[in-house]
$ cat query.cif   # mmCIF, C-alpha atoms and all ligand atoms
data_structure
loop_
_atom_site.label_atom_id
_atom_site.label_comp_id
_atom_site.auth_asym_id
_atom_site.auth_seq_id
_atom_site.Cartn_x
_atom_site.Cartn_y
_atom_site.Cartn_z
CA MET P 1 135.13 104.78 19.12
CA GLU P 2 132.43 107.46 19.26
CA ASP P 3 129.44 106.84 21.53
CA TYR P 4 126.49 105.34 19.72
CA LEU P 5 123.57 102.98 20.00
CA ILE P 6 122.59 100.23 17.59
CA ARG P 7 119.05 98.93 17.37
CA ILE P 8 118.27 95.65 15.65
CA MET P 9 115.06 93.68 15.17
CA ALA P 10 114.71 89.94 14.73
CA LYS P 11 111.19 89.97 13.34
CA GLU P 12 110.73 86.22 12.95
CA THR P 13 112.05 85.51 16.44
CA GLY P 14 110.13 88.47 17.92
CA VAL P 15 113.06 89.99 19.72
CA ARG P 16 114.71 93.38 19.57
CA GLY P 17 118.25 94.14 20.59
CA LEU P 18 119.95 97.37 21.58
CA ALA P 19 123.64 97.81 22.24
CA CYS P 20 125.47 100.98 23.09
CA VAL P 21 128.90 102.31 23.81
CA THR P 22 128.85 105.16 26.35
CA THR P 23 132.56 105.61 27.11
CA GLY P 24 132.87 109.23 25.96
CA LEU P 25 129.73 110.60 27.57
CA ALA P 26 130.50 108.78 30.83
CA ASN P 27 134.05 110.15 30.89
CA GLU P 28 132.69 113.64 30.28
CA ALA P 29 130.25 113.21 33.16
CA ALA P 30 133.05 111.83 35.35
CA GLU P 31 135.17 114.90 34.60
CA ARG P 32 132.33 117.32 35.26
CA HIS P 33 131.51 115.71 38.60
CA GLY P 34 135.05 114.89 39.72
CA THR P 35 134.30 111.22 40.34
CA THR P 36 136.69 108.60 41.72
CA SER P 37 137.33 105.37 39.84
CA THR P 38 134.54 103.70 41.86
CA THR P 39 131.98 106.41 41.20
CA THR P 40 133.05 106.79 37.57
CA ALA P 41 131.76 103.23 37.08
CA VAL P 42 128.63 103.94 39.16
CA LEU P 43 127.82 107.12 37.21
CA GLU P 44 128.57 105.41 33.91
CA ARG P 45 126.11 102.61 34.70
CA ALA P 46 123.47 105.14 35.73
CA LEU P 47 123.98 107.06 32.48
CA THR P 48 123.91 103.84 30.43
CA SER P 49 120.60 103.02 32.17
CA GLY P 50 119.25 106.37 31.00
CA ILE P 51 120.49 105.79 27.46
CA LEU P 52 118.92 102.32 27.21
CA LEU P 53 115.55 103.36 28.70
CA GLY P 54 115.62 106.56 26.64
CA ALA P 55 116.07 104.49 23.50
CA LEU P 56 112.70 102.83 24.22
CA LEU P 57 110.90 106.19 24.19
CA LYS P 58 109.10 107.82 21.30
CA VAL P 59 110.16 111.13 19.78
CA GLY P 60 109.64 114.05 22.19
CA GLN P 61 109.32 111.87 25.30
CA ARG P 62 111.70 112.11 28.25
CA ILE P 63 112.73 109.89 31.11
CA ALA P 64 114.14 110.41 34.60
CA VAL P 65 115.81 107.46 36.34
CA ARG P 66 116.65 107.45 40.04
CA PHE P 67 118.63 104.80 41.90
CA GLU P 68 118.43 105.48 45.63
CA ALA P 69 119.96 103.13 48.18
CA ASN P 70 121.69 102.84 51.55
CA GLY P 71 125.25 102.94 50.20
CA PRO P 72 127.61 105.93 50.47
CA VAL P 73 126.78 107.23 46.98
CA GLY P 74 123.27 108.00 48.20
CA LYS P 75 121.47 108.54 44.93
CA ALA P 76 122.15 108.41 41.22
CA LEU P 77 119.89 110.60 39.09
CA VAL P 78 119.77 110.58 35.33
CA GLU P 79 117.68 112.29 32.68
CA ALA P 80 117.54 111.16 29.09
CA ASP P 81 115.51 111.65 25.95
CA ALA P 82 114.68 109.70 22.82
CA TYR P 83 117.50 111.37 20.88
CA GLY P 84 120.43 109.83 22.72
CA ARG P 85 121.03 112.77 25.04
CA VAL P 86 121.68 112.09 28.70
CA SER P 87 122.85 113.89 31.82
CA GLY P 88 123.13 112.80 35.41
CA TYR P 89 124.86 112.97 38.76
CA LEU P 90 125.53 111.18 42.03
CA VAL P 91 124.67 112.78 45.36
CA ASN P 92 128.11 111.83 46.69
CA PRO P 93 130.65 111.37 43.88
CA GLN P 94 133.65 111.27 46.26
CA VAL P 95 133.11 107.66 47.37
CA ASP P 96 136.15 105.53 46.61
CA LEU P 97 136.15 101.82 47.48
CA PRO P 98 138.82 99.17 46.90
CA LEU P 99 138.40 96.97 43.85
CA VAL P 100 136.66 93.62 44.29
CA ALA P 101 138.08 90.89 42.05
CA ASP P 102 139.68 93.65 39.95
CA ARG P 103 136.30 95.30 39.39
CA PRO P 104 134.93 98.61 40.74
CA ASN P 105 132.74 97.93 43.76
CA ILE P 106 129.50 99.26 42.31
CA VAL P 107 127.24 97.25 44.63
CA ASP P 108 128.67 98.55 47.90
CA ALA P 109 128.98 102.09 46.56
CA LEU P 110 125.28 102.21 45.70
CA GLY P 111 124.08 99.99 48.56
CA GLU P 112 121.98 96.85 48.51
CA ILE P 113 118.75 98.19 49.98
CA GLY P 114 116.99 100.74 47.86
CA LEU P 115 114.65 101.66 45.08
CA LEU P 116 114.76 102.23 41.36
CA THR P 117 112.27 104.85 40.23
CA VAL P 118 111.57 105.56 36.58
CA VAL P 119 109.51 108.60 35.68
CA LYS P 120 108.44 109.01 32.08
CA ASP P 121 107.18 112.16 30.48
CA LEU P 122 105.20 110.68 27.61
CA LYS P 123 103.69 114.09 26.80
CA LEU P 124 100.42 112.94 28.29
CA LYS P 125 98.53 114.69 31.10
CA GLU P 126 100.22 112.71 33.84
CA LEU P 127 103.76 111.45 34.27
CA ALA P 128 104.10 107.66 34.27
CA GLU P 129 106.02 106.39 37.28
CA GLY P 130 107.33 102.92 38.07
CA VAL P 131 109.10 101.95 41.29
CA VAL P 132 110.80 98.64 42.09
CA PRO P 133 113.11 97.56 44.92
CA LEU P 134 116.74 97.14 43.91
CA GLN P 135 117.63 93.51 43.23
CA THR P 136 121.35 93.42 42.45
CA SER P 137 122.48 97.06 42.84
CA THR P 138 124.50 96.59 39.67
CA PHE P 139 122.13 98.77 37.59
CA ASP P 140 121.81 96.17 34.80
CA GLY P 141 120.15 93.56 37.03
CA ASP P 142 117.91 96.24 38.49
CA LEU P 143 116.91 97.54 35.07
CA THR P 144 116.16 93.96 33.99
CA TYR P 145 113.90 93.54 37.01
CA TYR P 146 112.20 96.90 36.41
CA LEU P 147 111.44 96.11 32.75
CA ASN P 148 110.11 92.64 33.57
CA GLN P 149 108.08 93.62 36.64
CA SER P 150 106.99 97.20 36.19
CA GLU P 151 106.72 97.37 32.40
CA GLN P 152 105.97 93.64 32.09
CA THR P 153 108.18 93.32 29.04
CA PRO P 154 110.42 90.22 29.09
CA SER P 155 113.87 91.81 28.99
CA LEU P 156 117.54 91.36 29.74
CA VAL P 157 120.00 94.19 30.41
CA VAL P 158 123.75 93.68 30.73
CA MET P 159 126.38 96.37 31.28
CA GLY P 160 130.15 96.34 31.42
CA GLU P 161 133.09 98.68 31.56
CA VAL P 162 136.87 98.72 31.47
CA LEU P 163 138.78 101.31 33.49
CA ASP P 164 142.41 102.23 32.95
CA GLU P 165 144.93 102.58 35.80
CA ASN P 166 143.94 106.25 36.21
CA GLY P 167 140.31 105.36 36.78
CA ARG P 168 139.22 106.65 33.37
CA LEU P 169 136.91 104.55 31.27
CA GLN P 170 138.57 102.79 28.38
CA SER P 171 135.29 101.35 27.24
CA ALA P 172 131.78 101.13 28.62
CA GLY P 173 128.30 100.34 27.48
CA GLY P 174 125.35 98.02 27.66
CA VAL P 175 123.04 95.63 25.89
CA LEU P 176 119.25 95.38 26.11
CA ILE P 177 117.31 92.42 24.72
CA GLN P 178 113.50 92.57 24.70
CA ALA P 179 110.82 90.16 23.62
CA MET P 180 108.13 91.65 21.43
CA PRO P 181 104.52 90.63 22.12
CA PRO P 182 103.25 87.90 22.18
CA ASN P 183 106.60 86.40 23.15
CA ASP P 184 107.32 85.65 26.77
CA ILE P 185 110.31 85.27 29.04
CA GLY P 186 111.12 81.89 27.41
CA ILE P 187 112.76 83.58 24.46
CA ILE P 188 114.77 85.83 26.80
CA ARG P 189 116.09 82.78 28.67
CA GLN P 190 117.81 81.68 25.47
CA PHE P 191 119.63 85.01 25.40
CA ILE P 192 120.53 84.74 29.08
CA GLU P 193 122.11 81.36 28.35
CA ARG P 194 123.94 82.71 25.33
CA MET P 195 125.19 85.63 27.38
CA GLN P 196 126.54 83.20 29.97
CA GLU P 197 128.40 81.25 27.28
CA LEU P 198 130.10 84.42 26.07
CA PRO P 199 132.90 86.23 27.90
CA PRO P 200 131.56 89.01 30.19
CA LEU P 201 130.63 92.25 28.41
CA GLU P 202 133.68 94.07 29.79
CA ALA P 203 135.90 91.36 28.28
CA LEU P 204 134.20 91.81 24.90
CA PHE P 205 134.75 95.57 25.17
CA ALA P 206 138.37 95.00 26.19
CA GLU P 207 138.80 92.92 23.03
CA GLY P 208 137.59 95.94 21.07
CA LYS P 209 134.24 94.45 20.06
CA THR P 210 131.77 97.01 18.72
CA PRO P 211 128.06 97.09 19.66
CA GLU P 212 127.32 95.58 16.21
CA GLU P 213 129.73 92.72 16.84
CA ILE P 214 128.36 92.08 20.33
CA LEU P 215 124.79 91.89 19.01
CA ALA P 216 126.00 89.63 16.20
CA LEU P 217 127.42 87.24 18.82
CA LEU P 218 124.19 87.30 20.81
CA PHE P 219 121.98 86.88 17.77
CA ALA P 220 124.18 84.29 16.05
CA GLY P 221 121.99 82.04 13.89
CA ILE P 222 119.01 84.41 14.18
CA GLU P 223 117.93 86.54 11.25
CA TYR P 224 117.74 90.24 12.05
CA THR P 225 117.88 93.68 10.50
CA GLU P 226 119.68 96.75 11.75
CA LEU P 227 117.10 99.47 12.24
CA GLU P 228 119.15 102.36 13.49
CA LYS P 229 122.54 103.66 14.50
CA ARG P 230 122.23 106.73 16.70
CA PRO P 231 124.96 108.95 18.17
CA LEU P 232 124.86 109.45 21.95
CA ARG P 233 126.08 112.37 24.00
CA PHE P 234 126.19 113.95 27.41
CA GLN P 235 123.90 116.94 27.14
CA CYS P 236 122.01 118.73 29.86
CA THR P 237 118.69 120.52 29.52
CA CYS P 238 119.78 123.40 31.74
CA SER P 239 120.25 126.91 30.36
CA ARG P 240 120.67 130.49 31.52
CA GLU P 241 116.97 131.09 30.74
CA ARG P 242 115.91 128.15 32.93
CA SER P 243 118.17 129.32 35.73
CA GLU P 244 116.60 132.75 35.50
CA LYS P 245 113.15 131.17 35.80
CA ALA P 246 114.33 129.29 38.89
CA LEU P 247 115.42 132.60 40.42
CA ILE P 248 112.06 134.20 39.58
CA ASN P 249 110.36 131.25 41.28
CA LEU P 250 112.20 132.12 44.50
CA GLY P 251 109.91 135.14 44.71
CA ARG P 252 110.53 138.83 45.01
CA ALA P 253 111.49 138.93 48.71
CA ASP P 254 114.13 136.18 48.49
CA LEU P 255 115.61 137.64 45.34
CA GLN P 256 115.77 141.12 46.87
CA ASN P 257 117.47 139.56 49.88
CA LEU P 258 120.03 137.78 47.67
CA LEU P 259 120.78 141.03 45.92
CA GLU P 260 121.33 142.88 49.20
CA THR P 261 123.35 140.21 51.00
CA GLU P 262 125.30 138.47 48.22
CA GLY P 263 125.16 140.99 45.41
CA GLU P 264 124.81 138.08 43.00
CA ALA P 265 123.10 134.75 42.53
CA VAL P 266 124.76 131.56 41.37
CA VAL P 267 122.69 128.69 40.00
CA ASP P 268 124.65 125.45 39.94
CA CYS P 269 123.12 122.68 37.80
CA HIS P 270 123.25 119.34 39.63
CA PHE P 271 123.14 117.34 36.44
CA CYS P 272 126.09 118.86 34.59
CA HIS P 273 127.78 121.19 37.11
CA GLU P 274 127.34 124.19 34.83
CA ARG P 275 127.27 127.42 36.87
CA TYR P 276 125.12 130.35 35.89
CA THR P 277 126.08 133.59 37.61
CA PHE P 278 123.70 136.54 37.79
CA ASP P 279 125.42 139.72 38.91
CA GLU P 280 123.87 142.76 40.60
CA GLU P 281 122.69 144.27 37.35
CA ASP P 282 121.20 140.97 36.16
CA LEU P 283 119.31 140.63 39.43
CA ARG P 284 117.99 144.20 39.26
CA LEU P 285 116.75 143.55 35.73
CA ILE P 286 115.03 140.34 36.84
CA LEU P 287 113.36 142.21 39.72
CA VAL P 288 112.20 144.95 37.36
CA GLY P 289 110.81 142.29 35.04
CA MET P 290 108.78 140.86 37.92
CA ASP P 291 106.87 144.11 38.46
ZN ZN P 301 122.92 121.21 33.50
#
$ encode --input "query.cif" --output "structure tokens"
Amino acid sequence: MEDYLIRIMAKETGVRGLACVTTGLANEAAERHGTTSTTTAVLERALTSGILLGALLKVGQRIAVRFEANGPVGKALVEADAYGRVSGYLVNPQVDLPLVADRPNIVDALGEIGLLTVVKDLKLKELAEGVVPLQTSTFDGDLTYYLNQSEQTPSLVVMGEVLDENGRLQSAGGVLIQAMPPNDIGIIRQFIERMQELPPLEALFAEGKTPEEILALLFAGIEYTELEKRPLRFQCTCSRERSEKALINLGRADLQNLLETEGEAVVDCHFCHERYTFDEEDLRLILVGMD
């Protein structure tokens, strides 16, 4: 199954639903960052967070999501846009913890005391920032809390994943249910109950259920229309041009120093692990361009 996101709207009920499968993009990220089976699940949930929040943006807007806590992973940082593109990384992807009840130990890897920060570039003068303390350290519970508290939109987020014996994701994704104004949390409680009646999301994924089928289960008996099906992918915003700008920002003296001591400069993108190498000649050209 390719990665994609489905968006539905139950107009009469005043609820929208999003469901996504992020298996491929999360496995690509896991490969790029050399994650363990524990941190594959952690990074996947961080990326799924970016995808779901990104899907709430308008065209041209961007979002940065940071989960920072006292666990060994340290921080999870993700960037996403409104077009289903996401990239991200963990400060320490080498953390590997034993399974708990056959599930990756996401909570202890991230840590229970910390903050979720969401920064939105809405193409306005100022960036919009929301910060909430972590509640569950499972990403979905924290996103739920963020949307309810910081954005004051009655919401429910649930994530799930299935890993194979090699620690690769077999399936992964998430669901986001949101009440549209003037509806309140009451309507969301119905979905929470319905969610609890269903098998956990990872079990639905393991059964091979698609995002459409999962939303159909959640919205059973409710009239809704499918608004959009959007492909998702791991894609970073870094480029050789941006890396060159970063080098220029170091300033003439530092760049000259790099040239003399290293004979080259290597810019390593945190988000995707792409390496941009500037050799002696490249550096001389950059320095000439700075005159
Ligand atoms: Zn990159």
$ residues_around --input "query.cif" --residues "region 176-182 of chain P" --least-positions-apart "5" --cutoff "7 Å" --atoms "only C-alpha atoms" --output "mmCIF file with C-alpha atoms, in the coordinates of the input"
data_model
loop_
_atom_site.group_PDB
_atom_site.id
_atom_site.type_symbol
_atom_site.label_atom_id
_atom_site.label_comp_id
_atom_site.auth_asym_id
_atom_site.auth_seq_id
_atom_site.Cartn_x
_atom_site.Cartn_y
_atom_site.Cartn_z
ATOM 1 C CA GLY P 14 110.130 88.470 17.920
ATOM 2 C CA VAL P 15 113.060 89.990 19.720
ATOM 3 C CA ARG P 16 114.710 93.380 19.570
ATOM 4 C CA GLY P 17 118.250 94.140 20.590
ATOM 5 C CA LEU P 18 119.950 97.370 21.580
ATOM 6 C CA ALA P 19 123.640 97.810 22.240
ATOM 7 C CA THR P 153 108.180 93.320 29.040
ATOM 8 C CA PRO P 154 110.420 90.220 29.090
ATOM 9 C CA SER P 155 113.870 91.810 28.990
ATOM 10 C CA LEU P 156 117.540 91.360 29.740
ATOM 11 C CA VAL P 157 120.000 94.190 30.410
ATOM 12 C CA VAL P 158 123.750 93.680 30.730
ATOM 13 C CA ILE P 187 112.760 83.580 24.460
ATOM 14 C CA ILE P 188 114.770 85.830 26.800
#
$ closest_residue --input "query.cif" --among "P:Val86, P:Ile222, P:Leu259, P:Leu215" --to "ligand ZN 301 (chain P)" --atoms "only C-alpha atoms and all ligand atoms"
P:Val86
$ closest_residue --input "query.cif" --among "P:Gly71, P:Gly263, P:Gly88, P:Gly50" --to "ligand ZN 301 (chain P)" --atoms "all atoms listed in the file"
P:Gly88
$ residues_near_ligand --input "query.cif" --ligand "ligand ZN 301 (chain P)" --cutoff "6 Å" --atoms "only C-alpha atoms and all ligand atoms" --output "ChimeraX atom specification"
/P:236-238,269,271-272,274
$ closest_atom_pairs --input "query.cif" --of "region 57-135 of chain P" --to "region 31-49 of chain P" --cutoff "6 Å" --atoms "only C-alpha atoms" --output "JSON lines"
{"residue": "P:Pro93", "atom": "CA", "partner": "P:Thr35", "partner_atom": "CA", "distance": 5.1}
{"residue": "P:Gln94", "atom": "CA", "partner": "P:Thr35", "partner_atom": "CA", "distance": 6.0}
{"residue": "P:Asp96", "atom": "CA", "partner": "P:Thr38", "partner_atom": "CA", "distance": 5.3}
{"residue": "P:Pro104", "atom": "CA", "partner": "P:Thr38", "partner_atom": "CA", "distance": 5.2}
{"residue": "P:Ile106", "atom": "CA", "partner": "P:Val42", "partner_atom": "CA", "distance": 5.7}
$ atom_distance --input "query.cif" --atom1 "CA of Asn249 (chain P)" --atom2 "CA of Arg62 (chain P)"
23.2 Å
$ atom_distance --input "query.cif" --atom1 "CA of Glu280 (chain P)" --atom2 "CA of Glu264 (chain P)"
5.3 Å
$ closest_atom_pairs --input "query.cif" --of "region 46-72 of chain P" --to "region 223-231 of chain P" --cutoff "12 Å" --atoms "all atoms listed in the file" --output "JSON lines"
{"residue": "P:Ile51", "atom": "CA", "partner": "P:Pro231", "partner_atom": "CA", "distance": 10.8}
{"residue": "P:Leu52", "atom": "CA", "partner": "P:Arg230", "partner_atom": "CA", "distance": 11.9}
{"residue": "P:Gly54", "atom": "CA", "partner": "P:Arg230", "partner_atom": "CA", "distance": 11.9}
{"residue": "P:Ala55", "atom": "CA", "partner": "P:Arg230", "partner_atom": "CA", "distance": 9.4}
$ write_last_selection --input "query.cif" --atoms "C-alpha atoms" --output "short mmCIF file (atom, residue, chain, number, x, y, z; two decimals), in the coordinates of the input"
data_model
loop_
_atom_site.label_atom_id
_atom_site.label_comp_id
_atom_site.auth_asym_id
_atom_site.auth_seq_id
_atom_site.Cartn_x
_atom_site.Cartn_y
_atom_site.Cartn_z
CA ILE P 51 120.49 105.79 27.46
CA LEU P 52 118.92 102.32 27.21
CA GLY P 54 115.62 106.56 26.64
CA ALA P 55 116.07 104.49 23.50
#
$ closest_residue --input "query.cif" --among "P:Val59, P:Leu283, P:Met195, P:Leu218" --to "Lys123 (chain P)" --atoms "only C-alpha atoms"
P:Val59
$ atom_distance --input "query.cif" --atom1 "CA of Glu161 (chain P)" --atom2 "CA of Lys58 (chain P)"
27.6 Å
$ residues_around --input "query.cif" --residues "Lys209 (chain P)" --least-positions-apart "4" --cutoff "12 Å" --atoms "all atoms listed in the file" --output "PyMOL selection string"
chain P and resi 1+19-21+171-173+199-205+213-217
$ closest_residue --input "query.cif" --among "P:Asn257, P:Leu232, P:Glu241, P:Ile63" --to "Thr277 (chain P)" --atoms "all atoms listed in the file"
P:Glu241
$ axis_aligned_box --input "query.cif" --around "region 129-140 of chain P" --padding-each-side "5 Å" --output "AutoDock Vina command-line options"
--center_x 115.3 --center_y 99.9 --center_z 39.9 --size_x 28.5 --size_y 23.0 --size_z 20.1
$ closest_residue --input "query.cif" --among "P:Asp279, P:Glu68, P:Asp142, P:Asp108" --to "Val91 (chain P)" --atoms "only C-alpha atoms"
P:Glu68
$ residues_around --input "query.cif" --residues "Leu247 (chain P)" --least-positions-apart "3" --cutoff "9 Å" --atoms "all atoms listed in the file" --output "list in words"
Arg242, Ser243, Glu244, Leu250, Gly251, Asp254, Leu255, Ala265, Val267, Leu283 and Ile286 of chain P
